[in-house]
file coords_9.pdb (PDB, C-alpha atoms and all ligand atoms)
MODEL        1
ATOM      1  CA  MET A   1      -7.350  19.264   8.817
ATOM      2  CA  LEU A   2      -5.523  16.221  10.212
ATOM      3  CA  VAL A   3      -5.851  12.748   8.614
ATOM      4  CA  PHE A   4      -4.128   9.405   9.180
ATOM      5  CA  PRO A   5      -3.173   7.679   5.886
ATOM      6  CA  ASN A   6      -3.104   3.946   6.665
ATOM      7  CA  ALA A   7      -1.237   1.149   4.890
ATOM      8  CA  LYS A   8      -2.623  -1.872   2.998
ATOM      9  CA  LEU A   9      -1.944  -5.589   2.747
ATOM     10  CA  ASN A  10      -2.289  -7.670  -0.422
ATOM     11  CA  LEU A  11      -4.028 -11.015   0.164
ATOM     12  CA  GLY A  12      -2.728 -12.892  -2.887
ATOM     13  CA  LEU A  13      -1.375 -11.163  -5.987
ATOM     14  CA  TYR A  14      -1.242 -12.529  -9.524
ATOM     15  CA  ILE A  15       0.516 -10.624 -12.302
ATOM     16  CA  THR A  16      -1.422 -11.752 -15.310
ATOM     17  CA  SER A  17      -0.232  -9.866 -18.428
ATOM     18  CA  LEU A  18       1.820  -6.968 -19.772
ATOM     19  CA  ARG A  19      -0.331  -4.020 -20.885
ATOM     20  CA  PRO A  20       0.204  -1.845 -23.948
ATOM     21  CA  ASP A  21       0.953   1.107 -21.597
ATOM     22  CA  GLY A  22       3.932  -0.813 -20.098
ATOM     23  CA  PHE A  23       2.144  -1.554 -16.817
ATOM     24  CA  ARG A  24       1.001  -5.052 -15.796
ATOM     25  CA  ASN A  25      -2.528  -6.308 -15.278
ATOM     26  CA  LEU A  26      -2.891  -7.859 -11.877
ATOM     27  CA  GLU A  27      -5.430  -9.536  -9.594
ATOM     28  CA  SER A  28      -5.212  -9.026  -5.844
ATOM     29  CA  VAL A  29      -7.336  -8.456  -2.758
ATOM     30  CA  PHE A  30      -6.419  -5.267  -0.911
ATOM     31  CA  VAL A  31      -7.299  -4.798   2.750
ATOM     32  CA  PRO A  32      -6.597  -1.708   4.883
ATOM     33  CA  LEU A  33      -3.916  -2.124   7.570
ATOM     34  CA  PRO A  34      -4.222   0.301  10.516
ATOM     35  CA  TRP A  35      -0.502   1.291  10.487
ATOM     36  CA  SER A  36      -0.645   4.983   9.689
ATOM     37  CA  ASP A  37       1.206   8.164   8.842
ATOM     38  CA  ALA A  38      -0.233  11.543   9.886
ATOM     39  CA  PHE A  39      -0.898  14.279   7.340
ATOM     40  CA  GLU A  40      -2.073  17.811   8.075
ATOM     41  CA  VAL A  41      -3.251  20.522   5.708
ATOM     42  CA  LEU A  42      -3.706  24.085   6.959
ATOM     43  CA  PRO A  43      -4.599  27.223   4.998
ATOM     44  CA  ALA A  44      -1.447  29.368   4.651
ATOM     45  CA  ALA A  45      -1.137  33.157   4.768
ATOM     46  CA  GLY A  46       0.349  33.490   1.293
ATOM     47  CA  GLY A  47       3.712  33.343  -0.391
ATOM     48  CA  ALA A  48       4.417  29.925  -1.892
ATOM     49  CA  LYS A  49       1.330  28.073  -3.071
ATOM     50  CA  THR A  50       2.309  25.082  -0.985
ATOM     51  CA  ASP A  51       4.960  24.264   1.572
ATOM     52  CA  LEU A  52       5.685  20.770   2.953
ATOM     53  CA  THR A  53       7.371  19.979   6.251
ATOM     54  CA  LEU A  54       8.343  16.430   7.205
ATOM     55  CA  SER A  55       8.975  14.437  10.375
ATOM     56  CA  GLY A  56       9.350  10.768  11.286
ATOM     57  CA  ILE A  57      10.984   8.345   8.812
ATOM     58  CA  PRO A  58      12.990  10.382   6.243
ATOM     59  CA  VAL A  59      11.306  10.479   2.825
ATOM     60  CA  PRO A  60      13.865  10.698  -0.010
ATOM     61  CA  GLY A  61      13.477  13.301  -2.737
ATOM     62  CA  ALA A  62      12.775  17.028  -3.110
ATOM     63  CA  PRO A  63       9.435  18.343  -1.746
ATOM     64  CA  GLU A  64       7.923  18.607  -5.243
ATOM     65  CA  THR A  65       8.485  14.852  -5.721
ATOM     66  CA  ASN A  66       6.555  14.042  -2.548
ATOM     67  CA  LEU A  67       3.207  12.504  -3.359
ATOM     68  CA  CYS A  68       1.415  14.907  -0.969
ATOM     69  CA  VAL A  69       2.724  17.883  -2.951
ATOM     70  CA  LYS A  70       1.915  16.092  -6.223
ATOM     71  CA  ALA A  71      -1.666  15.672  -4.972
ATOM     72  CA  TYR A  72      -1.888  19.412  -4.285
ATOM     73  CA  ALA A  73      -0.394  20.239  -7.715
ATOM     74  CA  LEU A  74      -2.817  17.901  -9.480
ATOM     75  CA  LEU A  75      -5.849  19.616  -7.916
ATOM     76  CA  ALA A  76      -4.302  23.095  -8.322
ATOM     77  CA  ALA A  77      -4.192  22.485 -12.088
ATOM     78  CA  ASP A  78      -8.020  22.266 -12.120
ATOM     79  CA  PHE A  79      -9.072  24.436  -9.142
ATOM     80  CA  ASP A  80      -8.057  27.815  -7.791
ATOM     81  CA  LEU A  81      -6.615  26.341  -4.584
ATOM     82  CA  PRO A  82      -5.632  28.738  -1.775
ATOM     83  CA  PRO A  83      -2.053  28.472  -0.452
ATOM     84  CA  ALA A  84      -1.648  25.540   1.926
ATOM     85  CA  GLN A  85       0.839  24.460   4.567
ATOM     86  CA  LEU A  86       1.290  20.662   4.493
ATOM     87  CA  HIS A  87       2.907  18.476   7.124
ATOM     88  CA  LEU A  88       3.616  14.740   6.810
ATOM     89  CA  HIS A  89       4.693  12.607   9.761
ATOM     90  CA  LYS A  90       6.001   9.398   8.183
ATOM     91  CA  CYS A  91       5.635   6.126  10.127
ATOM     92  CA  VAL A  92       4.920   3.459   7.461
ATOM     93  CA  PRO A  93       8.164   2.075   5.968
ATOM     94  CA  ILE A  94       8.930   3.078   2.370
ATOM     95  CA  GLY A  95       9.478   0.480  -0.357
ATOM     96  CA  ALA A  96       7.701  -2.065   1.795
ATOM     97  CA  GLY A  97       4.753  -3.103  -0.372
ATOM     98  CA  LEU A  98       2.441  -1.489   2.165
ATOM     99  CA  GLY A  99       1.340   1.359  -0.110
ATOM    100  CA  GLY A 100       2.392   4.059   2.347
ATOM    101  CA  GLY A 101       3.252   6.721  -0.230
ATOM    102  CA  SER A 102       0.112   5.929  -2.198
ATOM    103  CA  ALA A 103      -1.998   6.353   0.932
ATOM    104  CA  ASP A 104      -0.419   9.759   1.598
ATOM    105  CA  ALA A 105      -1.355  10.840  -1.935
ATOM    106  CA  ALA A 106      -4.960   9.636  -1.667
ATOM    107  CA  PHE A 107      -5.505  11.067   1.820
ATOM    108  CA  ALA A 108      -3.992  14.373   0.674
ATOM    109  CA  LEU A 109      -6.575  14.497  -2.147
ATOM    110  CA  LYS A 110      -9.382  13.752   0.324
ATOM    111  CA  ALA A 111      -8.112  16.286   2.879
ATOM    112  CA  LEU A 112      -7.713  19.055   0.271
ATOM    113  CA  ASN A 113     -11.187  18.269  -1.059
ATOM    114  CA  SER A 114     -12.670  18.765   2.432
ATOM    115  CA  GLN A 115     -10.462  21.658   3.546
ATOM    116  CA  PHE A 116     -11.192  23.739   0.445
ATOM    117  CA  ALA A 117     -14.779  22.498  -0.142
ATOM    118  CA  LEU A 118     -14.059  21.309  -3.700
ATOM    119  CA  LYS A 119     -17.118  19.006  -3.612
ATOM    120  CA  LEU A 120     -15.382  16.207  -5.529
ATOM    121  CA  THR A 121     -17.251  12.887  -5.436
ATOM    122  CA  PRO A 122     -15.487   9.633  -4.420
ATOM    123  CA  GLU A 123     -15.487   8.638  -8.124
ATOM    124  CA  GLN A 124     -13.792  11.908  -9.117
ATOM    125  CA  LEU A 125     -11.260  11.529  -6.290
ATOM    126  CA  GLU A 126     -10.485   7.953  -7.474
ATOM    127  CA  SER A 127      -9.907   9.274 -10.945
ATOM    128  CA  TYR A 128      -7.429  11.919  -9.673
ATOM    129  CA  ALA A 129      -5.776   9.265  -7.457
ATOM    130  CA  ARG A 130      -5.178   6.922 -10.441
ATOM    131  CA  ARG A 131      -3.085   9.663 -12.026
ATOM    132  CA  LEU A 132      -0.726   9.679  -9.010
ATOM    133  CA  GLY A 133      -0.041   5.912  -8.904
ATOM    134  CA  SER A 134      -1.608   2.496  -9.366
ATOM    135  CA  ASP A 135      -2.143   1.852  -5.632
ATOM    136  CA  CYS A 136      -3.516   5.316  -4.862
ATOM    137  CA  ALA A 137      -7.126   4.791  -5.952
ATOM    138  CA  PHE A 138      -7.665   2.011  -3.384
ATOM    139  CA  PHE A 139      -7.125   4.442  -0.514
ATOM    140  CA  ILE A 140     -10.024   6.672  -1.566
ATOM    141  CA  ARG A 141     -12.669   4.126  -0.492
ATOM    142  CA  ASN A 142     -10.136   2.334   1.757
ATOM    143  CA  GLN A 143     -12.235  -0.827   2.125
ATOM    144  CA  PRO A 144     -11.444  -4.463   1.260
ATOM    145  CA  VAL A 145     -11.644  -4.950  -2.517
ATOM    146  CA  PHE A 146     -10.781  -7.376  -5.288
ATOM    147  CA  ALA A 147      -8.497  -5.231  -7.474
ATOM    148  CA  HIS A 148      -7.740  -5.823 -11.135
ATOM    149  CA  SER A 149      -6.389  -3.989 -14.238
ATOM    150  CA  ARG A 150      -3.442  -1.840 -13.003
ATOM    151  CA  GLY A 151      -4.624  -2.529  -9.440
ATOM    152  CA  ASP A 152      -6.861   0.512  -9.742
ATOM    153  CA  MET A 153     -10.245  -1.018 -10.662
ATOM    154  CA  PHE A 154     -12.289  -2.638  -7.918
ATOM    155  CA  GLU A 155     -15.024  -5.057  -6.918
ATOM    156  CA  GLU A 156     -16.267  -4.983  -3.332
ATOM    157  CA  MET A 157     -15.314  -7.983  -1.182
ATOM    158  CA  ASP A 158     -17.892  -8.270   1.589
ATOM    159  CA  PHE A 159     -16.384 -11.478   2.979
ATOM    160  CA  ALA A 160     -13.136  -9.678   3.703
ATOM    161  CA  LEU A 161     -14.963  -7.605   6.312
ATOM    162  CA  ALA A 162     -15.033 -10.830   8.384
ATOM    163  CA  LEU A 163     -11.273 -10.342   8.733
ATOM    164  CA  THR A 164     -11.835  -7.280  10.908
ATOM    165  CA  GLY A 165     -10.137  -7.893  14.252
ATOM    166  CA  THR A 166      -7.754 -10.597  12.949
ATOM    167  CA  PRO A 167      -4.408 -10.372  14.804
ATOM    168  CA  ALA A 168      -1.599  -9.527  12.380
ATOM    169  CA  LEU A 169       2.156  -9.120  12.551
ATOM    170  CA  VAL A 170       3.933  -7.166   9.794
ATOM    171  CA  VAL A 171       7.716  -7.464   9.551
ATOM    172  CA  TYR A 172       9.791  -5.016   7.487
ATOM    173  CA  PRO A 173      13.438  -6.162   7.311
ATOM    174  CA  GLY A 174      14.755  -2.728   6.370
ATOM    175  CA  LEU A 175      15.146  -3.688   2.726
ATOM    176  CA  HIS A 176      13.889  -1.086   0.199
ATOM    177  CA  ILE A 177      12.645  -2.992  -2.869
ATOM    178  CA  SER A 178      11.761  -0.686  -5.750
ATOM    179  CA  THR A 179       8.342  -1.443  -7.209
ATOM    180  CA  ALA A 180       9.587  -1.138 -10.807
ATOM    181  CA  GLU A 181      12.494  -3.531 -10.094
ATOM    182  CA  ALA A 182      10.118  -6.041  -8.509
ATOM    183  CA  TYR A 183       7.736  -5.988 -11.507
ATOM    184  CA  ALA A 184      10.675  -6.437 -13.891
ATOM    185  CA  ARG A 185      11.537  -9.729 -12.154
ATOM    186  CA  VAL A 186       8.117 -11.342 -12.700
ATOM    187  CA  GLN A 187       7.022 -13.135 -15.867
ATOM    188  CA  PRO A 188       3.239 -12.547 -16.207
ATOM    189  CA  ARG A 189       1.049 -15.674 -16.386
ATOM    190  CA  ALA A 190      -2.568 -16.722 -15.972
ATOM    191  CA  PRO A 191      -3.869 -16.637 -12.385
ATOM    192  CA  ARG A 192      -3.584 -20.006 -10.601
ATOM    193  CA  HIS A 193      -6.860 -19.531  -8.698
ATOM    194  CA  ASP A 194      -9.795 -17.169  -8.466
ATOM    195  CA  LEU A 195      -8.791 -15.169  -5.390
ATOM    196  CA  ARG A 196     -12.414 -14.286  -4.653
ATOM    197  CA  GLN A 197     -13.143 -18.003  -4.196
ATOM    198  CA  SER A 198      -9.879 -18.958  -2.482
ATOM    199  CA  LEU A 199     -10.236 -16.203   0.094
ATOM    200  CA  SER A 200     -13.864 -17.108   0.788
ATOM    201  CA  ALA A 201     -12.671 -20.523   2.081
ATOM    202  CA  PRO A 202     -11.405 -20.914   5.694
ATOM    203  CA  MET A 203      -8.045 -19.203   6.329
ATOM    204  CA  PRO A 204      -6.075 -22.442   6.958
ATOM    205  CA  THR A 205      -6.658 -23.377   3.283
ATOM    206  CA  TRP A 206      -5.087 -20.129   2.018
ATOM    207  CA  ARG A 207      -1.555 -21.481   2.493
ATOM    208  CA  ASP A 208      -2.169 -23.819  -0.472
ATOM    209  CA  THR A 209      -4.345 -21.574  -2.634
ATOM    210  CA  VAL A 210      -3.404 -17.923  -2.085
ATOM    211  CA  SER A 211       0.012 -16.742  -3.306
ATOM    212  CA  ASN A 212       1.839 -13.607  -4.364
ATOM    213  CA  ASP A 213       3.790 -13.794  -7.661
ATOM    214  CA  PHE A 214       6.341 -11.260  -6.339
ATOM    215  CA  GLU A 215       7.234 -13.623  -3.491
ATOM    216  CA  GLU A 216       8.301 -16.473  -5.779
ATOM    217  CA  ALA A 217      10.253 -14.080  -8.029
ATOM    218  CA  LEU A 218      11.988 -12.078  -5.277
ATOM    219  CA  THR A 219      12.796 -14.737  -2.644
ATOM    220  CA  PRO A 220      15.755 -16.200  -4.604
ATOM    221  CA  PHE A 221      17.304 -12.686  -4.645
ATOM    222  CA  TYR A 222      16.296 -11.837  -1.058
ATOM    223  CA  PRO A 223      16.239 -15.165   0.901
ATOM    224  CA  ILE A 224      15.495 -13.206   4.065
ATOM    225  CA  LEU A 225      11.897 -12.896   2.831
ATOM    226  CA  GLY A 226      11.485 -16.689   2.971
ATOM    227  CA  ASP A 227      13.137 -16.804   6.396
ATOM    228  CA  ILE A 228      10.671 -14.282   7.849
ATOM    229  CA  LYS A 229       7.713 -16.149   6.371
ATOM    230  CA  GLN A 230       8.966 -19.421   7.925
ATOM    231  CA  GLN A 231       9.385 -17.709  11.295
ATOM    232  CA  LEU A 232       5.826 -16.396  11.135
ATOM    233  CA  TYR A 233       4.473 -19.889  10.404
ATOM    234  CA  ALA A 234       6.679 -21.362  13.163
ATOM    235  CA  ALA A 235       5.181 -18.770  15.526
ATOM    236  CA  GLY A 236       1.676 -20.007  14.749
ATOM    237  CA  ALA A 237       0.508 -17.866  11.830
ATOM    238  CA  THR A 238      -2.488 -19.314  10.012
ATOM    239  CA  TYR A 239      -1.390 -17.528   6.837
ATOM    240  CA  ALA A 240       1.803 -15.641   5.957
ATOM    241  CA  SER A 241       2.875 -13.827   2.789
ATOM    242  CA  LEU A 242       4.866 -11.029   1.233
ATOM    243  CA  SER A 243       2.719  -7.891   0.839
ATOM    244  CA  GLY A 244       2.687  -6.369  -2.649
ATOM    245  CA  SER A 245       6.203  -6.033  -4.060
ATOM    246  CA  GLY A 246       7.745  -6.319  -0.567
ATOM    247  CA  SER A 247       9.808  -6.254   1.427
ATOM    248  CA  ALA A 248       7.253  -6.408   4.261
ATOM    249  CA  VAL A 249       6.047  -9.918   5.144
ATOM    250  CA  TYR A 250       2.898 -10.367   7.234
ATOM    251  CA  GLY A 251       1.364 -13.144   9.273
ATOM    252  CA  LEU A 252      -2.300 -13.501  10.193
ATOM    253  CA  PHE A 253      -2.889 -15.305  13.472
ATOM    254  CA  PRO A 254      -5.789 -17.206  15.028
ATOM    255  CA  ASP A 255      -7.994 -15.156  17.346
ATOM    256  CA  LEU A 256      -6.186 -16.445  20.438
ATOM    257  CA  PRO A 257      -3.405 -16.056  21.289
ATOM    258  CA  ALA A 258      -2.841 -12.688  19.650
ATOM    259  CA  ALA A 259       0.152 -12.181  17.362
ATOM    260  CA  PRO A 260       3.283 -13.101  19.365
ATOM    261  CA  ASP A 261       6.092 -10.671  20.120
ATOM    262  CA  LEU A 262       9.125 -12.326  18.467
ATOM    263  CA  PRO A 263      12.752 -11.223  18.925
ATOM    264  CA  TRP A 264      13.538  -9.733  15.475
ATOM    265  CA  PRO A 265      17.026  -8.484  14.531
ATOM    266  CA  ALA A 266      18.007  -4.827  14.938
ATOM    267  CA  GLY A 267      17.075  -2.817  11.847
ATOM    268  CA  TYR A 268      13.709  -4.540  11.459
ATOM    269  CA  THR A 269      10.499  -2.575  11.926
ATOM    270  CA  VAL A 270       7.605  -4.618  13.257
ATOM    271  CA  TRP A 271       3.941  -3.706  13.557
ATOM    272  CA  SER A 272       1.463  -5.818  15.429
ATOM    273  CA  GLY A 273      -2.211  -5.198  15.908
ATOM    274  CA  GLN A 274      -5.572  -6.183  14.500
ATOM    275  CA  LEU A 275      -6.918  -5.744  10.976
TER     276      LEU A 275
HETATM  277  C1  LIG B 301       2.844  -3.825  -6.078
HETATM  278  C2  LIG B 301       1.611  -3.040  -5.709
HETATM  279  O1  LIG B 301       1.816  -2.379  -4.445
HETATM  280  C3  LIG B 301       0.448  -4.015  -5.543
HETATM  281  O2  LIG B 301      -0.631  -3.414  -4.894
HETATM  282  C4  LIG B 301       1.277  -1.981  -6.751
HETATM  283  O3  LIG B 301       1.026  -2.556  -8.019
HETATM  284  C5  LIG B 301       2.324  -0.885  -6.858
HETATM  285  O4  LIG B 301       1.663   0.290  -7.192
HETATM  286  P1  LIG B 301       2.387   1.725  -7.135
HETATM  287  O5  LIG B 301       3.463   1.706  -6.074
HETATM  288  O6  LIG B 301       1.301   2.736  -7.035
HETATM  289  O7  LIG B 301       3.114   1.748  -8.536
HETATM  290  P2  LIG B 301       3.181   2.933  -9.636
HETATM  291  O8  LIG B 301       3.788   4.125  -8.976
HETATM  292  O9  LIG B 301       1.885   3.086 -10.336
HETATM  293  O10 LIG B 301       4.221   2.287 -10.668
HETATM  294  C6  LIG B 301       5.580   2.069 -10.345
HETATM  295  C7  LIG B 301       6.154   1.116 -11.374
HETATM  296  O11 LIG B 301       5.662  -0.223 -11.135
HETATM  297  C8  LIG B 301       5.329  -0.881 -12.343
HETATM  298  N1  LIG B 301       3.888  -1.244 -12.321
HETATM  299  C9  LIG B 301       3.059  -0.754 -11.365
HETATM  300  C10 LIG B 301       1.736  -1.151 -11.331
HETATM  301  C11 LIG B 301       1.280  -2.064 -12.304
HETATM  302  N2  LIG B 301       0.006  -2.493 -12.311
HETATM  303  N3  LIG B 301       2.119  -2.523 -13.259
HETATM  304  C12 LIG B 301       3.427  -2.141 -13.280
HETATM  305  O12 LIG B 301       4.174  -2.582 -14.140
HETATM  306  C13 LIG B 301       5.722   0.057 -13.469
HETATM  307  O13 LIG B 301       7.034  -0.287 -13.841
HETATM  308  C14 LIG B 301       5.731   1.415 -12.809
HETATM  309  O14 LIG B 301       6.638   2.286 -13.422
HETATM  310  N1  LIG B 302       4.734  10.531   0.854
HETATM  311  C1  LIG B 302       5.618   9.629   0.427
HETATM  312  N2  LIG B 302       5.879   8.520   1.143
HETATM  313  C2  LIG B 302       6.770   7.599   0.708
HETATM  314  N3  LIG B 302       7.464   7.695  -0.423
HETATM  315  C3  LIG B 302       7.225   8.778  -1.195
HETATM  316  C4  LIG B 302       6.306   9.775  -0.801
HETATM  317  N4  LIG B 302       6.275  10.721  -1.751
HETATM  318  C5  LIG B 302       7.143  10.343  -2.697
HETATM  319  N5  LIG B 302       7.731   9.186  -2.378
HETATM  320  C6  LIG B 302       8.733   8.500  -3.191
HETATM  321  O1  LIG B 302       8.269   7.208  -3.538
HETATM  322  C7  LIG B 302       9.296   6.239  -3.294
HETATM  323  C8  LIG B 302       8.688   5.019  -2.606
HETATM  324  O2  LIG B 302       7.790   4.451  -3.440
HETATM  325  P1  LIG B 302       7.491   2.934  -3.267
HETATM  326  O3  LIG B 302       6.427   2.641  -4.242
HETATM  327  O4  LIG B 302       8.768   2.163  -3.323
HETATM  328  O5  LIG B 302       7.013   2.839  -1.726
HETATM  329  P2  LIG B 302       5.629   3.181  -1.026
HETATM  330  O6  LIG B 302       4.809   4.125  -1.838
HETATM  331  O7  LIG B 302       5.943   3.567   0.380
HETATM  332  O8  LIG B 302       4.842   1.877  -0.922
HETATM  333  P3  LIG B 302       5.016   0.528  -1.723
HETATM  334  O9  LIG B 302       6.270  -0.039  -1.187
HETATM  335  O10 LIG B 302       3.813  -0.244  -1.349
HETATM  336  O11 LIG B 302       5.010   0.840  -3.196
HETATM  337  C9  LIG B 302      10.297   6.846  -2.346
HETATM  338  O12 LIG B 302      11.602   6.510  -2.768
HETATM  339  C10 LIG B 302      10.040   8.327  -2.424
HETATM  340  O13 LIG B 302      11.035   8.951  -3.174
ENDMDL
END

call {"tool": "encode", "arguments": {"input": "coords_9.pdb", "output": "structure tokens"}}
result
Amino acid sequence: MLVFPNAKLNLGLYITSLRPDGFRNLESVFVPLPWSDAFEVLPAAGGAKTDLTLSGIPVPGAPETNLCVKAYALLAADFDLPPAQLHLHKCVPIGAGLGGGSADAAFALKALNSQFALKLTPEQLESYARRLGSDCAFFIRNQPVFAHSRGDMFEEMDFALALTGTPALVVYPGLHISTAEAYARVQPRAPRHDLRQSLSAPMPTWRDTVSNDFEEALTPFYPILGDIKQQLYAAGATYASLSGSGSAVYGLFPDLPAAPDLPWPAGYTVWSGQL
């Protein structure tokens, strides 16, 4: 079975309080971004329970630390899974705030569920996904949501469906920002706005009402993030922001003209397309 784990964008992100478990409570709107890896699961003849091969962008770490293998191991603890051959072709930059690794984990759970007819419901899959990482649960339903708690509890956001087709440019400057490091740099505080309301207003108003707490905290350390955002606005973006904990910065553009093709420095990875 072949699946295409896509990335996500955060439209606004407020880090509101420190939790007793050491994680932070947050509020954000997550939308799927059609920039995808490819993941394949095939039944294997025998031998090792699971084997992972990789291609595309190098993923650091031993195979057992890869989130696809962790997904298999999590299900294998509860089900008598047959041996499986896994392959991941990595395209979405790592440490970008695009949730690429989390998507691989969630799509691996969904693919294993189908391949081996485990009959897990979406709710059960979300519950397994939460155990692999805060962002993972989103990719089970993979639809626009208002996320809260650890970023793993959701309310549907129908309005966000109106974003479908919006031209977007996502710029990754080749800077790996660790999620834990990014959180450590932010002092939690009450949300400035209700994102559900702010994002229901016309997109040109978002520049004043929709912000990402990581952006304010990280830009002094990585000024390049502010430079990219400025370039996106100068190129005509209606709204531009850091995604998640960075370092990818995205711009959303008016329907016409589509997102422009800017001359970015070597070492940058740029995706353009429609939400
Ligand atoms: C920044 C976001 O991408 C926004 O969507 C996510 O919150 C990140 O989620 P993730 O990559 O799945 O993160 P996890 O693997 O769960 O956690 C990595 C580290 O980030 C911090 N972390 C993560 C999520 C959260 N709600 N509070 C936290 O404090 C913790 O230090 C944790 O050890
Ligand atoms: N399938 C995978 N894809 C990417 N990273 C993975 C994967 N499996 C394990 N990892 C580990 O997770 C680390 C990246 O996690 P990190 O949270 O920084 O990035 P991410 O999951 O790609 O997305 P985000 O930047 O949104 O959090 C890598 O250093 C790598 O060791």

call {"tool": "closest_atom_pairs", "arguments": {"input": "coords_9.pdb", "of": "chain A", "to": "ligand LIG 301 (chain B)", "cutoff": "7 Å", "atoms": "only C-alpha atoms and all ligand atoms", "output": "Markdown table"}}
result
| residue | atom | partner | partner_atom | distance |
| --- | --- | --- | --- | --- |
| A:Asn10 | CA | B:LIG301 | O2 | 6.4 |
| A:Gly22 | CA | B:LIG301 | O12 | 6.2 |
| A:Phe23 | CA | B:LIG301 | O12 | 3.5 |
| A:Arg24 | CA | B:LIG301 | N3 | 3.8 |
| A:Asn25 | CA | B:LIG301 | N2 | 5.5 |
| A:Leu26 | CA | B:LIG301 | N2 | 6.1 |
| A:Gly97 | CA | B:LIG301 | O1 | 5.1 |
| A:Leu98 | CA | B:LIG301 | O1 | 6.7 |
| A:Gly99 | CA | B:LIG301 | O1 | 5.7 |
| A:Ser102 | CA | B:LIG301 | O6 | 5.9 |
| A:Gly133 | CA | B:LIG301 | O9 | 3.7 |
| A:Ser134 | CA | B:LIG301 | O9 | 3.7 |
| A:Asp135 | CA | B:LIG301 | O6 | 3.8 |
| A:Cys136 | CA | B:LIG301 | O6 | 5.9 |
| A:Ser149 | CA | B:LIG301 | N2 | 6.8 |
| A:Arg150 | CA | B:LIG301 | N2 | 3.6 |
| A:Gly151 | CA | B:LIG301 | N2 | 5.4 |
| A:Thr179 | CA | B:LIG301 | O11 | 4.9 |
| A:Ala180 | CA | B:LIG301 | O11 | 4.0 |
| A:Tyr183 | CA | B:LIG301 | O12 | 5.6 |
| A:Gly244 | CA | B:LIG301 | C1 | 4.3 |
| A:Ser245 | CA | B:LIG301 | C1 | 4.5 |

call {"tool": "resolve_selection", "arguments": {"input": "coords_9.pdb", "expression": "the PyMOL selection byres (((chain A and resi 155) around 10) and not hetatm)", "output": "tab-separated table (two decimals) with C-alpha atoms, in the coordinates of the input"}}
result
chain	number	residue	atom	x	y	z
A	29	VAL	CA	-7.34	-8.46	-2.76
A	144	PRO	CA	-11.44	-4.46	1.26
A	145	VAL	CA	-11.64	-4.95	-2.52
A	146	PHE	CA	-10.78	-7.38	-5.29
A	147	ALA	CA	-8.50	-5.23	-7.47
A	148	HIS	CA	-7.74	-5.82	-11.14
A	153	MET	CA	-10.24	-1.02	-10.66
A	154	PHE	CA	-12.29	-2.64	-7.92
A	156	GLU	CA	-16.27	-4.98	-3.33
A	157	MET	CA	-15.31	-7.98	-1.18
A	158	ASP	CA	-17.89	-8.27	1.59
A	196	ARG	CA	-12.41	-14.29	-4.65

call {"tool": "resolve_selection", "arguments": {"input": "coords_9.pdb", "expression": "the PyMOL selection byres (((chain A and resi 7) around 6) and not hetatm)", "output": "VMD selection string"}}
result
chain A and resid 6 8 33 35 98 to 100

call {"tool": "closest_residue", "arguments": {"input": "coords_9.pdb", "among": "A:Val210, A:Val170, A:Ala240, A:Ala248", "to": "ligand LIG 302 (chain B)", "atoms": "all atoms listed in the file"}}
result
A:Ala248

call {"tool": "resolve_selection", "arguments": {"input": "coords_9.pdb", "expression": "the PyMOL selection byres (((chain A and resi 61-65) around 12) and not hetatm)", "output": "PyMOL selection string"}}
result
chain A and resi 49-54+58-60+66-74+86-88+101+105+132

call {"tool": "residues_near_point", "arguments": {"input": "coords_9.pdb", "point": "(-4.3, -15.0, 17.8)", "cutoff": "12 Å", "atoms": "all atoms listed in the file", "output": "list in words"}}
result
Gly165, Thr166, Pro167, Ala168, Leu169, Ala235, Gly236, Ala237, Thr238, Tyr239, Gly251, Leu252, Phe253, Pro254, Asp255, Leu256, Pro257, Ala258, Ala259, Pro260, Asp261, Ser272, Gly273, Gln274 and Leu275 of chain A

call {"tool": "atom_distance", "arguments": {"input": "coords_9.pdb", "atom1": "atom CA of Ser28 of chain A", "atom2": "atom CA of Asn212 of chain A"}}
result
8.5 Å

call {"tool": "residues_around", "arguments": {"input": "coords_9.pdb", "residues": "segment 188-191 of chain A", "least_positions_apart": "6", "cutoff": "10 Å", "atoms": "all atoms listed in the file", "output": "ChimeraX atom specification"}}
result
/A:13-18,24-27,211,213

call {"tool": "axis_aligned_box", "arguments": {"input": "coords_9.pdb", "around": "ligand LIG 302 (chain B)", "padding_each_side": "8 Å", "output": "AutoDock Vina command-line options"}}
result
--center_x 7.7 --center_y 5.2 --center_z -1.5 --size_x 23.8 --size_y 27.0 --size_z 21.4

call {"tool": "atom_distance", "arguments": {"input": "coords_9.pdb", "atom1": "atom CA of Phe214 of chain A", "atom2": "atom CA of Ala182 of chain A"}}
result
6.8 Å

call {"tool": "residues_around", "arguments": {"input": "coords_9.pdb", "residues": "Lys110 of chain A", "least_positions_apart": "5", "cutoff": "9 Å", "atoms": "only C-alpha atoms", "output": "PyMOL selection string"}}
result
chain A and resi 105+115+120+122+125+140

call {"tool": "closest_residue", "arguments": {"input": "coords_9.pdb", "among": "A:Pro202, A:Gly246, A:Gly226, A:Pro83", "to": "ligand LIG 302 (chain B)", "atoms": "all atoms listed in the file"}}
result
A:Gly246

call {"tool": "closest_residue", "arguments": {"input": "coords_9.pdb", "among": "A:Ala217, A:Leu9, A:Ala201, A:Ala96", "to": "ligand LIG 302 (chain B)", "atoms": "only C-alpha atoms and all ligand atoms"}}
result
A:Ala96

call {"tool": "atom_distance", "arguments": {"input": "coords_9.pdb", "atom1": "atom CA of Val171 of chain A", "atom2": "atom CA of Phe39 of chain A"}}
result
23.5 Å

call {"tool": "closest_residue", "arguments": {"input": "coords_9.pdb", "among": "A:Val31, A:Ser243, A:Asp80, A:Leu75", "to": "ligand LIG 302 (chain B)", "atoms": "all atoms listed in the file"}}
result
A:Ser243
